[in-house]
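Read the structure below first, then the notes.
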Amino acid sequence: MIVGFANRVVRHTQVRRLGLIVTILFMNNLAVGAARSLFPVYIERDLGLSPAFTGALLSVETALGGIISVVAGAMADRLGHRLVLVIGIVGFSAGFLQFVTGVPWLLVLLAVILGLAHGMRSTAGQSYLLNASSQQSVGVATAAFFLGGTIGTAVSAAVAGPVIEAYGFGAYAVGGLVINIVPAVLTVCFLHDVRPTRRQSTGDRERSLREILVRREIFLMGGLRFFPTAFWGVWSLALPLLIFRATGSVLATALYGSAGMALSAIGQFTIGRWSDRVGRARPIFTVLGVQVIVSLVAAIAWEHPTFLVPAGILGVVGGWTMSVLVLGTVRDRTIENERGRVVGFIHALWSFGLLLGTLLAGVLLDLHPTIPLLFAALANVAALLIALRLFREVAPPATMSETHG
């Protein structure tokens with residue numbers, strides 16, 4: 001009876017922590033989610049600058065987010081998730097300040113700050129999530145975590161459009177700054193750092209960053225994050241454009257995006273629950289196998305919407321579910337006092353994978369669409385080979401002995 005009561009208390013604590021981090025992420029994305037998609041419009045319409053300038057700013061942001069991630073993870077392990085998460089949330093204010101200045105060098109400076117903020121928020125939020133969830137629930141918990149951000153972004157876009165049309169980008173920026181105060185206050189007042197309640201047999205001495213990163217399974221998990229994200233970088237740029245070219249319809253392209261996001265939400269929970277029951281290996285092999293197939297279908301049938309649209313939607317679902325599966329794998333194979341640094345390393349590789357895929361798609365798409373799509377297929381084949389190697393390794397026993405207070 002005592003054990004059953006203790007288990008119920010632990011589950012209640014985990015649900016409360018999950019609800020809090022999902023709410024914080026939802027409110028933060030409600031404030032900032034529309035900014036990235038609207039930024040190119042602001043640059044072109046209000047400032048009269050070229051898309052190349054926008055691309056350079058977004059590349060700076062992505063690169064800086066990757067560079068800061070490992071440092072942010074070390075800060076989260078040492079100083080706590082709350083501090084790093086608050087810095088990241090407040091740092092997103094730089095994105096709103098971009099909408100009230102037309103000075104190119106200042107836009108670059110703000111892009112640097114925004115990239116650093118993104119890396120800190122993502123690393124702190126994801127490592128907190130992994131520490132707050134159990135090995136048996138991390139798949140569903142991660143799906144809920146990403147869903148909070150997705151819904152926040154969707155609502156943000158729905159509200160921002162009418163506001164900008166009626167009052168301009170300046171009013172949108174002021175409103176976003178005000179709303180963004182809410183997740184910062186929630187984090188400061190209610191989020192408490194998750195610490196190990198007892199020392200693990202393999203964790204009596206805190207490992208250094210170098211000791212963590214030289215472990216083979218850490219590099220394998222990094223590869224499992226990098227290559228599927230490179231696929232996603234190609235997919236997220238190439239598929240909407242190819243569908244528009246094949247159909248000649250903006251509406252068809254918009255419906256493709258809506259269908260992909262809706263099915264991704266379902267897919268994340270379905271795959272997350274499956275992975276909690278059977279482990280991460282089979283779901284990862286399945287998703288990567290599907291991504292290889294849809295990449296080849298798109299490479300062959302890029303002019304035929306009958307094949308291209310379903311393949312594109314499956315690729316979107318696969319891209320989002322891989323985030324759930326990789327974070328679950330990290331949760332399985334790390335201990336609490338190193339998890340922030342590992343998540344930081346993984347997020348850095350996510351950033352650079354996205355940057356590589358996006359740049360390759362942008363350069364190669366007009367040369368011939370088959371080329372970047374074949375690269376997407378090869379990236380998934382590489383990820384499959386890495387997964388085969390990774391899941392031959394046995395997860396460290398320390399992950400099985402963790403308890404949460």
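Residues in the structure tokens are named by chain (A, B, ... in the order shown) and by number from 1 within that chain; ligands are numbered from 1 in the order shown.
Near Ala382 of chain A, within 10 Å and counting only C-alpha atoms, sit Gly223, Leu224, Phe226, Phe227, Pro228, Leu288, Ala377, Leu378, Ala379, Asn380, Leu384, Leu385, Ile386 and Ala387 of chain A, not including residues fewer than 2 positions from it in the same chain.
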Take the selection from the previous step and output its residues with N, CA and C atoms, as a short mmCIF file (atom, residue, chain, number, x, y, z; two decimals), in the first residue's frame.
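The new file part_38.cif reads:
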data_model
loop_
_atom_site.label_atom_id
_atom_site.label_comp_id
_atom_site.auth_asym_id
_atom_site.auth_seq_id
_atom_site.Cartn_x
_atom_site.Cartn_y
_atom_site.Cartn_z
N GLY A 223 24.40 11.73 -34.02
CA GLY A 223 24.18 11.42 -35.42
C GLY A 223 22.73 11.12 -35.73
N LEU A 224 22.06 10.48 -34.77
CA LEU A 224 20.64 10.17 -34.93
C LEU A 224 19.79 11.43 -34.93
N PHE A 226 21.28 14.54 -36.03
CA PHE A 226 21.77 15.37 -37.12
C PHE A 226 21.19 14.97 -38.47
N PHE A 227 21.30 13.70 -38.82
CA PHE A 227 20.93 13.28 -40.18
C PHE A 227 19.42 13.38 -40.46
N PRO A 228 18.54 12.93 -39.55
CA PRO A 228 17.12 13.15 -39.81
C PRO A 228 16.73 14.63 -39.86
N LEU A 288 12.30 5.96 -39.74
CA LEU A 288 13.39 6.22 -40.69
C LEU A 288 13.17 5.47 -41.99
N ALA A 377 17.05 11.22 -48.83
CA ALA A 377 16.99 9.77 -48.68
C ALA A 377 18.29 9.23 -48.07
N LEU A 378 19.43 9.71 -48.56
CA LEU A 378 20.72 9.26 -48.04
C LEU A 378 20.91 9.63 -46.57
N ALA A 379 20.40 10.80 -46.17
CA ALA A 379 20.50 11.21 -44.77
C ALA A 379 19.76 10.23 -43.87
N ASN A 380 18.62 9.74 -44.33
CA ASN A 380 17.87 8.77 -43.54
C ASN A 380 18.52 7.40 -43.53
N LEU A 384 19.66 5.37 -40.25
CA LEU A 384 19.34 3.96 -40.00
C LEU A 384 20.57 3.17 -39.59
N LEU A 385 21.68 3.40 -40.26
CA LEU A 385 22.92 2.70 -39.91
C LEU A 385 23.38 3.08 -38.51
N ILE A 386 23.23 4.35 -38.16
CA ILE A 386 23.60 4.80 -36.81
C ILE A 386 22.69 4.15 -35.78
N ALA A 387 21.39 4.08 -36.07
CA ALA A 387 20.44 3.47 -35.14
C ALA A 387 20.76 1.99 -34.92
#
* Ala124 of chain A: which residues within 8 Å, counting only C-alpha atoms, same-chain residues fewer than 6 positions away excluded, as a PyMOL selection string? -> chain A and resi 72-73+76+81-82+84-85+340
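Residue nearest Met27 of chain A, chosen from A:Leu296, A:Val182, A:Ile87, A:Ala154 and counting only C-alpha atoms: A:Val182.
Excluding Ala34 of chain A and any residue on its chain fewer than 5 positions from it, the residues at most 7 Å away by only C-alpha atoms are Thr153, Ser156, Ala157 and Ala160 of chain A.
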Counting only C-alpha atoms, what are the residues of segment 259-314 of chain A within 7 Å of segment 134-145 of chain A, and for each of them which pair of atoms is the nearest and at what distance in Å, to one decimal? Sort the table by chain and rising number, as a Markdown table.
| residue | atom | partner | partner_atom | distance |
| --- | --- | --- | --- | --- |
| A:Gln268 | CA | A:Ala143 | CA | 5.2 |
| A:Phe269 | CA | A:Ala143 | CA | 5.4 |
| A:Gly272 | CA | A:Gly139 | CA | 3.8 |
| A:Arg273 | CA | A:Val140 | CA | 5.4 |
| A:Ser275 | CA | A:Gly139 | CA | 6.2 |
| A:Asp276 | CA | A:Gln136 | CA | 5.2 |
Create the file for the chosen residues now, containing N, CA and C atoms and written as a PDB file, in the first residue's frame.
ATOM      1  N   GLN A 268       2.744  12.019 -33.208  1.00  0.00           N
ATOM      2  CA  GLN A 268       3.644  12.142 -32.069  1.00  0.00           C
ATOM      3  C   GLN A 268       3.120  11.370 -30.855  1.00  0.00           C
ATOM      4  N   PHE A 269       1.836  11.503 -30.562  1.00  0.00           N
ATOM      5  CA  PHE A 269       1.286  10.787 -29.419  1.00  0.00           C
ATOM      6  C   PHE A 269       1.248   9.280 -29.674  1.00  0.00           C
ATOM      7  N   GLY A 272       4.861   8.089 -29.686  1.00  0.00           N
ATOM      8  CA  GLY A 272       5.393   8.254 -28.334  1.00  0.00           C
ATOM      9  C   GLY A 272       4.888   7.166 -27.400  1.00  0.00           C
ATOM     10  N   ARG A 273       3.595   6.875 -27.471  1.00  0.00           N
ATOM     11  CA  ARG A 273       3.034   5.823 -26.619  1.00  0.00           C
ATOM     12  C   ARG A 273       3.582   4.454 -27.012  1.00  0.00           C
ATOM     13  N   SER A 275       6.498   3.851 -28.325  1.00  0.00           N
ATOM     14  CA  SER A 275       7.895   3.749 -27.884  1.00  0.00           C
ATOM     15  C   SER A 275       7.993   3.561 -26.376  1.00  0.00           C
ATOM     16  N   ASP A 276       7.035   4.108 -25.604  1.00  0.00           N
ATOM     17  CA  ASP A 276       7.034   3.870 -24.164  1.00  0.00           C
ATOM     18  C   ASP A 276       6.768   2.405 -23.844  1.00  0.00           C
TER      19      ASP A 276
END
Please produce, as CSV, a per-residue contact table for segment 248-338 of chain A versus segment 211-220 of chain A (criterion: any atom at most 12 Å away, only C-alpha atoms considered), showing the nearest atom pair and its distance in Å to one decimal, sorted by chain then residue number.
residue,atom,partner,partner_atom,distance
A:Val326,CA,A:Leu220,CA,10.8
A:Thr329,CA,A:Glu217,CA,10.2
A:Val330,CA,A:Ile218,CA,8.4
A:Arg331,CA,A:Ile218,CA,11.6
A:Asp332,CA,A:Glu217,CA,11.3
A:Arg333,CA,A:Glu217,CA,8.1
A:Thr334,CA,A:Ile218,CA,9.0
A:Ile335,CA,A:Ile212,CA,10.8
A:Asn337,CA,A:Ile212,CA,10.9
A:Glu338,CA,A:Ile212,CA,7.6
* Structure fact -> If you count only C-alpha atoms, the residue of A:Leu209, A:Glu44, A:Arg392, A:Thr286 closest to Arg78 of chain A turns out to be A:Leu209
* To do: Take atom CA of Val22 of chain A and atom CA of Leu147 of chain A and report the distance between them in Å, one decimal.
  => 8.1 Å
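Atom CA of Ser50 of chain A is positioned 28.6 Å from atom CA of Glu303 of chain A.
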* To do: Might you pull out every residue within 10 Å of Tyr256 of chain A, with only C-alpha atoms counted and same-chain residues fewer than 3 positions away left off, and present them as a ChimeraX atom specification?
  => /A:239-240,243-244,250-253,259-261,309-310,312-313,316
File of the preceding selection, C-alpha atoms, as a short mmCIF file (atom, residue, chain, number, x, y, z; two decimals), in the first residue's frame:
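Dumped to again-v8.cif:
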data_model
loop_
_atom_site.label_atom_id
_atom_site.label_comp_id
_atom_site.auth_asym_id
_atom_site.auth_seq_id
_atom_site.Cartn_x
_atom_site.Cartn_y
_atom_site.Cartn_z
CA LEU A 239 8.16 20.09 -50.52
CA PRO A 240 5.91 23.19 -50.17
CA ILE A 243 3.75 21.11 -54.40
CA PHE A 244 3.00 24.69 -55.40
CA VAL A 250 -1.51 28.35 -52.98
CA LEU A 251 -4.57 26.74 -51.37
CA ALA A 252 -3.30 23.22 -52.10
CA THR A 253 0.06 24.13 -50.57
CA ALA A 259 -2.78 18.29 -42.97
CA GLY A 260 0.87 17.61 -42.16
CA MET A 261 0.71 19.46 -38.83
CA VAL A 309 1.41 15.35 -51.60
CA PRO A 310 0.93 12.06 -49.66
CA GLY A 312 5.17 15.07 -48.34
CA ILE A 313 2.64 14.64 -45.54
CA VAL A 316 6.24 15.92 -42.18
#
* Hey, can you check how far atom CA of Leu355 of chain A sits from atom CA of Thr247 of chain A? -> 27.5 Å
* Asked: Which polymer residues have any atom within 12 Å of an atom of Asp77 of chain A, counting only C-alpha atoms, with same-chain residues fewer than 6 positions away left out, as a list in words?
  -> Val70, Val71, Leu83, Val84, Thr123, Ala124, Ser127, Tyr128, Asn131, Asp193, Val194, Arg195, Pro196, Glu206, Arg207, Ser208, Leu209, Ile335, Glu336, Asn337, Glu338, Arg339, Gly340, Arg341, Val342, Val343 and Gly344 of chain A
* To do: Pick out the residues sitting within 12 Å of Phe352 of chain A, and hand them over as a ChimeraX atom specification; count only C-alpha atoms, and ignore anything fewer than 4 positions along from it in its own chain.
  => /A:59-69,119,222-223,225-233,345-348,356-359
Those residues you just picked out, can you put them in a file as an mmCIF file, in the first residue's frame with C-alpha atoms?
data_model
loop_
_atom_site.group_PDB
_atom_site.id
_atom_site.type_symbol
_atom_site.label_atom_id
_atom_site.label_comp_id
_atom_site.auth_asym_id
_atom_site.auth_seq_id
_atom_site.Cartn_x
_atom_site.Cartn_y
_atom_site.Cartn_z
ATOM 1 C CA SER A 59 21.161 31.390 -40.867
ATOM 2 C CA VAL A 60 22.912 33.496 -38.225
ATOM 3 C CA GLU A 61 20.078 32.776 -35.802
ATOM 4 C CA THR A 62 20.168 29.012 -36.441
ATOM 5 C CA ALA A 63 23.972 28.812 -36.177
ATOM 6 C CA LEU A 64 24.124 30.776 -32.916
ATOM 7 C CA GLY A 65 21.356 28.623 -31.453
ATOM 8 C CA GLY A 66 23.482 25.577 -32.138
ATOM 9 C CA ILE A 67 26.688 27.091 -30.817
ATOM 10 C CA ILE A 68 25.181 28.149 -27.470
ATOM 11 C CA SER A 69 23.349 24.869 -26.846
ATOM 12 C CA GLY A 119 19.294 27.664 -28.048
ATOM 13 C CA GLY A 222 24.057 13.025 -31.990
ATOM 14 C CA GLY A 223 24.181 11.415 -35.423
ATOM 15 C CA ARG A 225 19.620 13.793 -34.386
ATOM 16 C CA PHE A 226 21.774 15.374 -37.118
ATOM 17 C CA PHE A 227 20.929 13.282 -40.181
ATOM 18 C CA PRO A 228 17.116 13.148 -39.813
ATOM 19 C CA THR A 229 17.177 16.904 -39.173
ATOM 20 C CA ALA A 230 19.162 17.422 -42.370
ATOM 21 C CA PHE A 231 16.364 15.487 -44.091
ATOM 22 C CA TRP A 232 13.856 17.805 -42.414
ATOM 23 C CA GLY A 233 15.765 20.888 -43.572
ATOM 24 C CA PHE A 345 24.926 18.730 -27.663
ATOM 25 C CA ILE A 346 21.956 17.076 -29.373
ATOM 26 C CA HIS A 347 20.256 20.428 -29.970
ATOM 27 C CA ALA A 348 23.449 21.857 -31.455
ATOM 28 C CA LEU A 356 22.777 22.079 -43.796
ATOM 29 C CA GLY A 357 19.528 20.667 -45.188
ATOM 30 C CA THR A 358 17.996 24.087 -45.770
ATOM 31 C CA LEU A 359 21.092 25.457 -47.506
#
